[in-house]
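**Student:** This is work_17.cif (mmCIF, C-alpha atoms).
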data_protein
loop_
_atom_site.group_PDB
_atom_site.id
_atom_site.type_symbol
_atom_site.label_atom_id
_atom_site.label_comp_id
_atom_site.auth_asym_id
_atom_site.auth_seq_id
_atom_site.Cartn_x
_atom_site.Cartn_y
_atom_site.Cartn_z
ATOM 1 C CA MET W 13 0.000 0.000 0.000
ATOM 2 C CA GLU W 14 2.836 2.379 0.796
ATOM 3 C CA ILE W 15 4.375 1.682 -2.607
ATOM 4 C CA TRP W 16 1.137 2.575 -4.373
ATOM 5 C CA ARG W 17 0.727 5.725 -2.319
ATOM 6 C CA HIS W 18 4.287 6.825 -2.894
ATOM 7 C CA ARG W 19 4.329 6.167 -6.643
ATOM 8 C CA LEU W 20 0.766 7.138 -7.577
ATOM 9 C CA GLU W 21 0.016 10.143 -5.394
ATOM 10 C CA GLN W 22 2.079 12.398 -7.647
ATOM 11 C CA PHE W 23 -0.582 11.768 -10.298
ATOM 12 C CA HIS W 24 -3.802 10.833 -8.492
ATOM 13 C CA HIS W 25 -5.524 10.762 -5.138
ATOM 14 C CA VAL W 26 -5.038 7.284 -3.668
ATOM 15 C CA SER W 27 -7.053 5.557 -0.948
ATOM 16 C CA THR W 28 -8.201 2.118 0.104
ATOM 17 C CA VAL W 29 -11.789 1.249 -0.762
ATOM 18 C CA HIS W 30 -12.747 -0.561 2.445
ATOM 19 C CA SER W 31 -13.629 1.086 5.726
ATOM 20 C CA ILE W 32 -13.462 -2.116 7.834
ATOM 21 C CA THR W 33 -10.596 -4.639 7.928
ATOM 22 C CA HIS W 34 -12.891 -7.671 8.159
ATOM 23 C CA ARG W 35 -16.184 -8.782 6.633
ATOM 24 C CA PRO W 36 -18.363 -7.098 5.459
ATOM 25 C CA TYR W 37 -15.510 -4.572 4.765
ATOM 26 C CA PHE W 38 -17.927 -1.701 4.027
ATOM 27 C CA ASP W 39 -20.285 0.320 6.157
ATOM 28 C CA ARG W 40 -22.300 1.519 3.147
ATOM 29 C CA SER W 41 -23.312 0.461 -0.345
ATOM 30 C CA VAL W 42 -20.441 -0.958 -2.407
ATOM 31 C CA LYS W 43 -21.957 0.646 -5.502
ATOM 32 C CA ASP W 44 -21.715 4.034 -3.800
ATOM 33 C CA VAL W 45 -18.078 3.310 -2.960
ATOM 34 C CA ALA W 46 -17.306 2.319 -6.549
ATOM 35 C CA SER W 47 -18.894 5.500 -7.913
ATOM 36 C CA GLU W 48 -16.321 7.637 -6.075
ATOM 37 C CA TYR W 49 -13.293 6.251 -7.934
ATOM 38 C CA ASP W 50 -11.997 6.529 -11.491
ATOM 39 C CA ALA W 51 -10.057 3.241 -11.463
ATOM 40 C CA PHE W 52 -9.131 0.372 -9.176
ATOM 41 C CA ILE W 53 -5.835 -1.391 -8.509
ATOM 42 C CA ILE W 54 -6.140 -4.864 -7.017
ATOM 43 C CA GLY W 55 -3.001 -6.378 -5.504
ATOM 44 C CA GLY W 56 -0.630 -7.642 -4.554
ATOM 45 C CA GLY W 57 -0.717 -10.744 -2.451
ATOM 46 C CA ASN W 58 -2.096 -14.264 -2.801
ATOM 47 C CA LEU W 59 -5.543 -12.958 -3.690
ATOM 48 C CA VAL W 60 -6.565 -15.614 -6.220
ATOM 49 C CA VAL W 61 -7.801 -18.532 -4.133
ATOM 50 C CA PRO W 62 -9.369 -21.415 -6.104
ATOM 51 C CA SER W 63 -11.484 -22.588 -3.150
ATOM 52 C CA LYS W 64 -13.077 -19.286 -2.103
ATOM 53 C CA ILE W 65 -13.651 -15.807 -3.435
ATOM 54 C CA SER W 66 -13.114 -12.536 -1.613
ATOM 55 C CA SER W 67 -15.984 -10.065 -1.612
ATOM 56 C CA LEU W 68 -13.411 -7.321 -1.083
ATOM 57 C CA TYR W 69 -11.045 -7.933 -3.991
ATOM 58 C CA TRP W 70 -13.255 -9.597 -6.599
ATOM 59 C CA ASN W 71 -16.352 -7.486 -6.133
ATOM 60 C CA ARG W 72 -18.109 -6.897 -9.440
ATOM 61 C CA ALA W 73 -18.820 -3.306 -8.419
ATOM 62 C CA TRP W 74 -15.185 -2.491 -9.270
ATOM 63 C CA LEU W 75 -15.799 -3.584 -12.857
ATOM 64 C CA THR W 76 -17.838 -0.444 -13.485
ATOM 65 C CA LYS W 77 -14.447 1.296 -13.771
ATOM 66 C CA PRO W 78 -11.057 0.360 -15.247
ATOM 67 C CA VAL W 79 -9.383 -2.353 -13.165
ATOM 68 C CA PHE W 80 -5.671 -3.136 -12.904
ATOM 69 C CA ILE W 81 -4.746 -6.472 -11.306
ATOM 70 C CA VAL W 82 -1.119 -6.208 -10.243
ATOM 71 C CA GLY W 83 1.367 -8.364 -8.371
ATOM 72 C CA VAL W 84 -1.143 -11.001 -7.359
ATOM 73 C CA GLY W 85 -0.377 -14.609 -6.608
ATOM 74 C CA VAL W 86 -2.502 -17.719 -6.892
ATOM 75 C CA ASP W 87 -2.931 -19.953 -3.858
ATOM 76 C CA ILE W 88 -1.707 -22.947 -5.830
ATOM 77 C CA ASP W 89 -1.247 -24.864 -2.569
ATOM 78 C CA SER W 90 -5.026 -25.082 -2.202
ATOM 79 C CA ASN W 91 -6.161 -28.707 -2.397
ATOM 80 C CA TYR W 92 -9.611 -27.874 -3.699
ATOM 81 C CA GLU W 93 -10.991 -25.838 -6.573
ATOM 82 C CA SER W 94 -14.603 -24.756 -6.354
ATOM 83 C CA PRO W 95 -16.244 -24.740 -9.808
ATOM 84 C CA ASP W 96 -18.363 -21.773 -8.715
ATOM 85 C CA VAL W 97 -15.295 -19.819 -7.592
ATOM 86 C CA ILE W 98 -13.446 -20.569 -10.834
ATOM 87 C CA SER W 99 -16.492 -19.444 -12.818
ATOM 88 C CA ARG W 100 -16.789 -16.180 -10.883
ATOM 89 C CA LEU W 101 -13.059 -15.459 -11.062
ATOM 90 C CA SER W 102 -13.095 -16.191 -14.800
ATOM 91 C CA ALA W 103 -15.953 -13.752 -15.324
ATOM 92 C CA PHE W 104 -14.026 -11.095 -13.423
ATOM 93 C CA PHE W 105 -10.680 -11.608 -15.179
ATOM 94 C CA GLN W 106 -12.339 -11.806 -18.594
ATOM 95 C CA HIS W 107 -14.304 -8.568 -18.137
ATOM 96 C CA GLN W 108 -13.681 -5.856 -20.713
ATOM 97 C CA ASN W 109 -12.841 -3.303 -18.018
ATOM 98 C CA VAL W 110 -9.867 -5.316 -16.757
ATOM 99 C CA CYS W 111 -6.998 -3.400 -18.332
ATOM 100 C CA TYR W 112 -3.961 -5.136 -16.878
ATOM 101 C CA ILE W 113 -3.080 -8.471 -15.267
ATOM 102 C CA GLY W 114 0.318 -9.026 -13.701
ATOM 103 C CA THR W 115 1.413 -11.717 -11.256
ATOM 104 C CA ARG W 116 4.388 -11.989 -8.948
ATOM 105 C CA ASP W 117 5.548 -15.355 -10.286
ATOM 106 C CA ASP W 118 5.408 -17.402 -13.476
ATOM 107 C CA GLU W 119 3.405 -20.215 -11.890
ATOM 108 C CA SER W 120 0.554 -17.864 -10.948
ATOM 109 C CA ALA W 121 0.561 -16.324 -14.424
ATOM 110 C CA GLU W 122 0.325 -19.727 -16.079
ATOM 111 C CA TRP W 123 -2.506 -20.815 -13.756
ATOM 112 C CA ILE W 124 -4.521 -17.690 -14.563
ATOM 113 C CA ARG W 125 -3.984 -18.166 -18.306
ATOM 114 C CA ARG W 126 -5.005 -21.813 -18.142
ATOM 115 C CA ARG W 127 -7.872 -21.716 -15.643
ATOM 116 C CA LEU W 128 -9.352 -18.204 -16.023
ATOM 117 C CA ALA W 129 -8.581 -17.568 -19.726
ATOM 118 C CA PRO W 130 -8.552 -13.748 -19.658
ATOM 119 C CA SER W 131 -8.809 -11.977 -22.999
ATOM 120 C CA ILE W 132 -5.724 -9.834 -22.299
ATOM 121 C CA SER W 133 -2.155 -10.956 -21.745
ATOM 122 C CA VAL W 134 -0.921 -11.986 -18.306
ATOM 123 C CA SER W 135 2.567 -10.834 -17.340
ATOM 124 C CA SER W 136 4.747 -11.888 -14.422
ATOM 125 C CA HIS W 137 7.400 -9.995 -12.530
ATOM 126 C CA ALA W 138 9.208 -9.894 -9.209
ATOM 127 C CA ASP W 139 7.119 -9.049 -6.158
ATOM 128 C CA LEU W 140 6.504 -5.294 -6.165
ATOM 129 C CA VAL W 141 7.942 -5.025 -2.655
ATOM 130 C CA PHE W 142 11.345 -5.384 -4.341
ATOM 131 C CA SER W 143 10.775 -1.918 -5.846
ATOM 132 C CA MET W 144 10.559 -0.350 -2.384
ATOM 133 C CA ASP W 145 13.109 2.257 -1.298
ATOM 134 C CA LEU W 146 14.710 0.550 1.681
ATOM 135 C CA PRO W 147 15.552 2.474 4.854
ATOM 136 C CA PRO W 148 19.033 2.049 6.367
ATOM 137 C CA ALA W 149 19.452 -1.307 8.074
ATOM 138 C CA HIS W 150 19.274 -1.325 11.859
ATOM 139 C CA HIS W 151 22.611 -1.863 13.590
ATOM 140 C CA TYR W 152 22.573 -4.747 16.050
ATOM 141 C CA ILE W 153 25.443 -4.849 18.533
ATOM 142 C CA ARG W 154 26.020 -8.586 18.168
ATOM 143 C CA PRO W 155 25.371 -11.126 15.394
ATOM 144 C CA THR W 156 21.592 -11.446 15.388
ATOM 145 C CA VAL W 157 19.051 -13.882 13.993
ATOM 146 C CA GLY W 158 15.440 -12.810 13.576
ATOM 147 C CA VAL W 159 12.529 -15.195 14.032
ATOM 148 C CA ALA W 160 9.113 -14.261 12.656
ATOM 149 C CA VAL W 161 6.131 -16.468 13.437
ATOM 150 C CA ARG W 162 2.514 -15.815 12.604
ATOM 151 C CA ASN W 163 -0.960 -16.555 13.851
ATOM 152 C CA GLN W 164 -2.745 -19.150 11.726
ATOM 153 C CA ARG W 165 -6.362 -18.523 12.769
ATOM 154 C CA GLY W 166 -6.638 -20.860 15.717
ATOM 155 C CA LYS W 167 -4.427 -23.602 14.295
ATOM 156 C CA PHE W 168 -2.149 -25.185 16.921
ATOM 157 C CA LEU W 169 1.497 -24.448 16.173
ATOM 158 C CA ASP W 170 4.159 -26.757 17.560
ATOM 159 C CA PHE W 171 7.315 -24.680 18.027
ATOM 160 C CA SER W 172 9.379 -27.362 19.768
ATOM 161 C CA VAL W 173 11.691 -28.054 16.804
ATOM 162 C CA LEU W 174 12.175 -24.334 16.153
ATOM 163 C CA GLU W 175 12.824 -23.659 19.842
ATOM 164 C CA THR W 176 15.503 -26.362 19.953
ATOM 165 C CA ALA W 177 17.127 -24.928 16.825
ATOM 166 C CA CYS W 178 17.118 -21.437 18.378
ATOM 167 C CA GLU W 179 18.818 -22.779 21.517
ATOM 168 C CA GLN W 180 21.601 -24.207 19.379
ATOM 169 C CA ILE W 181 21.856 -21.014 17.303
ATOM 170 C CA THR W 182 22.231 -19.038 20.533
ATOM 171 C CA ALA W 183 24.972 -21.429 21.641
ATOM 172 C CA GLN W 184 26.828 -20.534 18.433
ATOM 173 C CA GLY W 185 27.053 -16.909 19.599
ATOM 174 C CA TYR W 186 23.977 -15.328 18.022
ATOM 175 C CA ASP W 187 21.362 -13.170 19.680
ATOM 176 C CA ILE W 188 17.740 -13.989 18.848
ATOM 177 C CA VAL W 189 15.021 -11.384 18.285
ATOM 178 C CA ARG W 190 11.382 -12.175 17.630
ATOM 179 C CA LEU W 191 10.027 -9.883 14.912
ATOM 180 C CA ILE W 192 6.362 -8.975 14.499
ATOM 181 C CA LEU W 193 5.848 -8.503 10.757
ATOM 182 C CA GLY W 194 2.075 -8.015 10.772
ATOM 183 C CA ASN W 195 0.224 -4.823 11.600
ATOM 184 C CA LEU W 196 -3.173 -3.791 12.992
ATOM 185 C CA GLU W 197 -5.244 -6.812 14.104
ATOM 186 C CA ALA W 198 -2.905 -9.256 12.358
ATOM 187 C CA GLY W 199 0.063 -7.729 14.151
ATOM 188 C CA MET W 200 -1.577 -8.136 17.541
ATOM 189 C CA ALA W 201 -2.418 -11.768 16.750
ATOM 190 C CA ASP W 202 1.190 -12.368 15.645
ATOM 191 C CA LEU W 203 2.417 -10.723 18.853
ATOM 192 C CA GLU W 204 0.394 -13.155 20.945
ATOM 193 C CA ILE W 205 1.873 -16.113 19.058
ATOM 194 C CA ALA W 206 5.415 -14.701 19.332
ATOM 195 C CA ARG W 207 5.017 -14.487 23.099
ATOM 196 C CA SER W 208 4.292 -18.219 23.195
ATOM 197 C CA LEU W 209 7.568 -18.972 21.403
ATOM 198 C CA ASN W 210 9.971 -20.049 24.132
ATOM 199 C CA VAL W 211 13.233 -18.507 22.995
ATOM 200 C CA SER W 212 15.603 -16.025 24.594
ATOM 201 C CA GLY W 213 15.731 -12.441 23.390
ATOM 202 C CA PRO W 214 13.336 -9.531 22.927
ATOM 203 C CA ILE W 215 10.220 -9.107 20.809
ATOM 204 C CA LEU W 216 10.467 -6.225 18.333
ATOM 205 C CA HIS W 217 7.055 -4.801 17.442
ATOM 206 C CA PHE W 218 6.956 -1.674 15.270
ATOM 207 C CA ASP W 219 4.193 0.472 13.801
ATOM 208 C CA THR W 220 5.688 1.398 10.441
ATOM 209 C CA VAL W 221 6.916 -0.453 7.373
ATOM 210 C CA LYS W 222 10.211 1.453 7.558
ATOM 211 C CA GLU W 223 10.898 0.311 11.119
ATOM 212 C CA ILE W 224 9.981 -3.290 10.344
ATOM 213 C CA SER W 225 12.119 -3.283 7.192
ATOM 214 C CA SER W 226 15.089 -1.725 8.955
ATOM 215 C CA SER W 227 14.934 -4.346 11.707
ATOM 216 C CA ILE W 228 15.062 -7.090 9.062
ATOM 217 C CA GLY W 229 17.860 -5.416 7.119
ATOM 218 C CA GLY W 230 20.272 -5.483 10.054
ATOM 219 C CA LEU W 231 19.967 -9.208 10.705
ATOM 220 C CA ASP W 232 22.514 -11.861 9.894
ATOM 221 C CA VAL W 233 19.761 -14.409 9.135
ATOM 222 C CA LEU W 234 15.956 -14.392 9.168
ATOM 223 C CA LEU W 235 13.792 -17.424 9.966
ATOM 224 C CA SER W 236 10.290 -16.489 8.881
ATOM 225 C CA MET W 237 6.820 -17.945 8.541
ATOM 226 C CA LYS W 238 5.801 -14.809 6.639
ATOM 227 C CA PHE W 239 6.540 -14.586 2.927
ATOM 228 C CA HIS W 240 7.187 -10.849 2.781
ATOM 229 C CA GLY W 241 9.690 -11.188 5.589
ATOM 230 C CA ALA W 242 11.769 -13.296 3.200
ATOM 231 C CA VAL W 243 11.145 -10.779 0.388
ATOM 232 C CA VAL W 244 12.424 -7.824 2.421
ATOM 233 C CA ALA W 245 15.334 -9.857 3.785
ATOM 234 C CA THR W 246 16.305 -10.802 0.226
ATOM 235 C CA ALA W 247 16.100 -7.164 -0.857
ATOM 236 C CA TYR W 248 18.657 -6.296 1.835
ATOM 237 C CA GLY W 249 20.812 -9.307 1.001
ATOM 238 C CA VAL W 250 19.985 -11.027 4.293
ATOM 239 C CA PRO W 251 19.807 -14.839 3.979
ATOM 240 C CA SER W 252 16.486 -16.287 5.090
ATOM 241 C CA ILE W 253 14.941 -19.651 5.847
ATOM 242 C CA THR W 254 11.222 -19.951 5.250
ATOM 243 C CA LEU W 255 9.339 -21.724 8.041
ATOM 244 C CA SER W 256 6.125 -22.038 6.054
ATOM 245 C CA ARG W 257 6.769 -23.733 2.739
ATOM 246 C CA SER W 258 4.397 -22.665 -0.032
ATOM 247 C CA ALA W 259 4.276 -22.234 -3.802
ATOM 248 C CA LYS W 260 5.061 -18.513 -3.491
ATOM 249 C CA SER W 261 8.108 -19.061 -1.276
ATOM 250 C CA GLU W 262 9.239 -21.907 -3.509
ATOM 251 C CA SER W 263 9.019 -19.620 -6.541
ATOM 252 C CA LEU W 264 11.040 -16.890 -4.817
ATOM 253 C CA PHE W 265 13.710 -19.244 -3.494
ATOM 254 C CA ARG W 266 14.032 -20.905 -6.889
ATOM 255 C CA ARG W 267 14.549 -17.490 -8.465
ATOM 256 C CA ILE W 268 17.355 -16.612 -6.028
ATOM 257 C CA ASP W 269 18.807 -20.148 -6.226
ATOM 258 C CA ARG W 270 18.149 -20.994 -2.570
ATOM 259 C CA LEU W 271 15.647 -23.842 -2.701
ATOM 260 C CA PRO W 272 17.552 -25.808 -0.017
ATOM 261 C CA LEU W 273 16.575 -23.095 2.484
ATOM 262 C CA LEU W 274 12.874 -23.897 2.230
ATOM 263 C CA SER W 275 11.813 -25.318 5.567
ATOM 264 C CA SER W 276 8.905 -25.752 7.990
ATOM 265 C CA LEU W 277 8.222 -25.673 11.713
ATOM 266 C CA ASP W 278 8.616 -29.445 12.023
ATOM 267 C CA ASP W 279 11.799 -29.656 9.948
ATOM 268 C CA ASP W 280 14.550 -31.371 11.951
ATOM 269 C CA GLU W 281 17.071 -29.990 9.434
ATOM 270 C CA ILE W 282 16.559 -26.306 10.359
ATOM 271 C CA LEU W 283 19.942 -26.131 12.064
ATOM 272 C CA CYS W 284 21.688 -27.808 9.117
ATOM 273 C CA LYS W 285 20.035 -25.307 6.786
ATOM 274 C CA PHE W 286 21.108 -22.486 9.079
ATOM 275 C CA ALA W 287 24.717 -23.520 8.460
ATOM 276 C CA SER W 288 24.105 -22.808 4.759
ATOM 277 C CA THR W 289 23.083 -19.169 5.344
ATOM 278 C CA LYS W 290 26.539 -17.655 5.656
ATOM 279 C CA LEU W 291 26.478 -16.350 2.076
ATOM 280 C CA ARG W 292 24.453 -13.157 1.646
ATOM 281 C CA VAL W 293 22.175 -12.755 -1.364
ATOM 282 C CA PRO W 294 24.450 -11.346 -4.091
ATOM 283 C CA GLU W 295 23.983 -7.746 -5.178
ATOM 284 C CA ILE W 296 23.469 -8.756 -8.822
ATOM 285 C CA VAL W 297 20.506 -10.963 -7.816
ATOM 286 C CA ARG W 298 18.962 -8.202 -5.725
ATOM 287 C CA SER W 299 19.511 -5.650 -8.483
ATOM 288 C CA CYS W 300 17.717 -7.847 -11.029
ATOM 289 C CA LEU W 301 14.741 -8.328 -8.702
ATOM 290 C CA ARG W 302 14.521 -4.606 -7.988
ATOM 291 C CA SER W 303 14.795 -3.667 -11.666
ATOM 292 C CA ASP W 304 12.147 -6.199 -12.679
ATOM 293 C CA ALA W 305 9.715 -4.906 -10.053
ATOM 294 C CA GLN W 306 10.393 -1.265 -10.921
ATOM 295 C CA VAL W 307 9.822 -1.844 -14.628
ATOM 296 C CA ALA W 308 6.496 -3.547 -13.886
ATOM 297 C CA LEU W 309 5.477 -0.739 -11.558
ATOM 298 C CA ARG W 310 6.261 1.921 -14.157
ATOM 299 C CA ARG W 311 4.323 -0.028 -16.775
ATOM 300 C CA VAL W 312 1.253 -0.168 -14.553
ATOM 301 C CA ILE W 313 1.418 3.511 -13.652
ATOM 302 C CA GLU W 314 1.716 4.440 -17.316
ATOM 303 C CA SER W 315 -1.328 2.270 -18.071
ATOM 304 C CA VAL W 316 -3.324 3.869 -15.258
ATOM 305 C CA ASN W 317 -2.371 7.365 -16.398
ATOM 306 C CA ALA W 318 -3.339 6.545 -19.988
ATOM 307 C CA VAL W 319 -6.806 5.471 -18.871
ATOM 308 C CA VAL W 320 -7.508 7.882 -16.033
ATOM 309 C CA GLY W 321 -5.626 10.918 -17.404
#
Can you present the structure in this file as C-alpha cells?

**Tutor:**
Amino acid sequence: MEIWRHRLEQFHHVSTVHSITHRPYFDRSVKDVASEYDAFIIGGGNLVVPSKISSLYWNRAWLTKPVFIVGVGVDIDSNYESPDVISRLSAFFQHQNVCYIGTRDDESAEWIRRRLAPSISVSSHADLVFSMDLPPAHHYIRPTVGVAVRNQRGKFLDFSVLETACEQITAQGYDIVRLILGNLEAGMADLEIARSLNVSGPILHFDTVKEISSSIGGLDVLLSMKFHGAVVATAYGVPSITLSRSAKSESLFRRIDRLPLLSSLDDDEILCKFASTKLRVPEIVRSCLRSDAQVALRRVIESVNAVVG
C-alpha cells in the first residue's frame, strides 16, 4: 500500500476502498463506494484462491471502472478448486474493463492463463515489494538472527523443533530477536503467538513499514513464517529460511537459487540449513529483482495514467 501511495500520489488521489478490515468490509453500499473512484488497482498478495472468493477484492462493483490487477499470486497450494469460484473469477478476469493483469511469479501467471482464460495478456514480474526504497538497516550490537512467526487462525502451532534450533543457534554466539511482521489486528495476533515462542531475546514490534524493514535489514539471518519477511530480507541481502513452505516461497527461493533453504516448523534440518546461510544474497541478484519490479510498476502507472488521465 505504501508503494502505491508513494508512486501514484504524484498523479492521483489514492485511498483504500474498504472502511473495515474484516467482513463485510464496508459500512455503506459498495456501488456508492465504486462510484467515487476513477479506477481500481487490485493487488498484490495471494488474492486468487481457487477454493473461495473474496468479496473485497473480486467485487463486481469495481468492474464499473477500469481495473488493474497487479502483483497477485494464486494460492496454488489449495487442495480444492470450487467450480463456482473458478467461474466467478473467470468472469471477473475476462471482463472488458480489466486493463492489466500481472502476477508476482510465473506459476501464478500460467494458472490464470489456463484456468481463467482472460482476454488480455498476463505478465509476471518480481514481487513489487522489491521496488521499495529501503531504509538504512538497523545496527545490532552482536550477530543477530530474527525469528518471525505468525498466527494461523486458531491452528495449533508446535514450536518445539524451532525452539531447539534457536537454543543451538544461541549457543553458536547469536542473539535472537522475535520480529512482528504483521500490523493492525494481524500484528496483535502475531504478537500473541510470538510471546508463546519459548526462545531467549526480545520481541520487536513496530508500527511502520520502515521500522519493520530496517529491523530485518540489520539481521545476519531471518527465519520467517511470513513470505514478505523473506522478500524484504532478500532485498537487503539477508539470507532467510522460510518456516512455512508454499508455492510462493518456492518460486522466490528458486529465483534466487536458494531452494535448499525452504523449511517448515517441524523440519529437523533447520539447524543444518542455518549452516548454509553464511552467504548473503548477491547484489546482482537483488539488483535484477529490484529492476524487474520497478519496470512492472512503471508499466502499470503508465497504463493507469493513460486510462484515467

**Student:** Applying the PyMOL selection byres ((chain W and resi 65) around 10) to the file I just gave you, which residues come out? Please list them as a list in words.

**Tutor:** Leu59, Val60, Val61, Pro62, Ser63, Lys64, Ser66, Ser67, Leu68, Tyr69, Trp70, Asn71, Ser94, Asp96, Val97, Ile98, Arg100 and Leu101 of chain W

**Student:** At most 9 Å is the cut-off: for each residue in segment 41-138 of chain W with any atom that close to an atom of segment 295-310 of chain W, write down the nearest atom pair and the distance in Å rounded to one decimal, counting all atoms listed in the file, chain first then increasing number, as a tab-separated table.

**Tutor:**
residue	atom	partner	partner_atom	distance
W:Val82	CA	W:Leu309	CA	8.7
W:Gly83	CA	W:Ala308	CA	8.9
W:Gly114	CA	W:Ala308	CA	8.3
W:Arg116	CA	W:Ala305	CA	8.9
W:Ser135	CA	W:Ala308	CA	9.0
W:Ser136	CA	W:Ala308	CA	8.5
W:His137	CA	W:Asp304	CA	6.1
W:Ala138	CA	W:Ala305	CA	5.1

**Student:** So that I can check the surroundings of Glu204 of chain W, please list as an mmCIF file with C-alpha atoms, keeping the file's coordinate frame every protein, DNA and RNA residue that reaches within 12 Å of it, counting all atoms listed in the file and ignoring chain neighbours fewer than 2 positions away.

**Tutor:**
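For reference, out.cif as written:
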data_model
loop_
_atom_site.group_PDB
_atom_site.id
_atom_site.type_symbol
_atom_site.label_atom_id
_atom_site.label_comp_id
_atom_site.auth_asym_id
_atom_site.auth_seq_id
_atom_site.Cartn_x
_atom_site.Cartn_y
_atom_site.Cartn_z
ATOM 1 C CA VAL W 161 6.131 -16.468 13.437
ATOM 2 C CA ARG W 162 2.514 -15.815 12.604
ATOM 3 C CA ASN W 163 -0.960 -16.555 13.851
ATOM 4 C CA GLN W 164 -2.745 -19.150 11.726
ATOM 5 C CA ARG W 165 -6.362 -18.523 12.769
ATOM 6 C CA GLY W 166 -6.638 -20.860 15.717
ATOM 7 C CA ARG W 190 11.382 -12.175 17.630
ATOM 8 C CA LEU W 191 10.027 -9.883 14.912
ATOM 9 C CA ILE W 192 6.362 -8.975 14.499
ATOM 10 C CA GLY W 194 2.075 -8.015 10.772
ATOM 11 C CA GLU W 197 -5.244 -6.812 14.104
ATOM 12 C CA ALA W 198 -2.905 -9.256 12.358
ATOM 13 C CA GLY W 199 0.063 -7.729 14.151
ATOM 14 C CA MET W 200 -1.577 -8.136 17.541
ATOM 15 C CA ALA W 201 -2.418 -11.768 16.750
ATOM 16 C CA ASP W 202 1.190 -12.368 15.645
ATOM 17 C CA ALA W 206 5.415 -14.701 19.332
ATOM 18 C CA ARG W 207 5.017 -14.487 23.099
ATOM 19 C CA SER W 208 4.292 -18.219 23.195
ATOM 20 C CA LEU W 209 7.568 -18.972 21.403
ATOM 21 C CA ILE W 215 10.220 -9.107 20.809
ATOM 22 C CA HIS W 217 7.055 -4.801 17.442
#

**Student:** One decimal, Å: what's the distance from atom CA of Ile188 of chain W over to atom CA of Arg154 of chain W, could you say?

**Tutor:** 9.9 Å

**Student:** Would you kindly translate the PyMOL selection byres ((chain W and resi 131) around 12) into the concrete residues it picks from this file, as a PyMOL selection string?

**Tutor:** chain W and resi 102-113+124-126+128-130+132-134

**Student:** Save the residues we just selected, C-alpha atoms, as a compact mmCIF listing (two decimals), in the coordinates of the input?

**Tutor:**
# COMPACT_ATOMS: atom_id res chain seq x y z
CA SER W 102 -13.10 -16.19 -14.80
CA ALA W 103 -15.95 -13.75 -15.32
CA PHE W 104 -14.03 -11.10 -13.42
CA PHE W 105 -10.68 -11.61 -15.18
CA GLN W 106 -12.34 -11.81 -18.59
CA HIS W 107 -14.30 -8.57 -18.14
CA GLN W 108 -13.68 -5.86 -20.71
CA ASN W 109 -12.84 -3.30 -18.02
CA VAL W 110 -9.87 -5.32 -16.76
CA CYS W 111 -7.00 -3.40 -18.33
CA TYR W 112 -3.96 -5.14 -16.88
CA ILE W 113 -3.08 -8.47 -15.27
CA ILE W 124 -4.52 -17.69 -14.56
CA ARG W 125 -3.98 -18.17 -18.31
CA ARG W 126 -5.00 -21.81 -18.14
CA LEU W 128 -9.35 -18.20 -16.02
CA ALA W 129 -8.58 -17.57 -19.73
CA PRO W 130 -8.55 -13.75 -19.66
CA ILE W 132 -5.72 -9.83 -22.30
CA SER W 133 -2.15 -10.96 -21.74
CA VAL W 134 -0.92 -11.99 -18.31
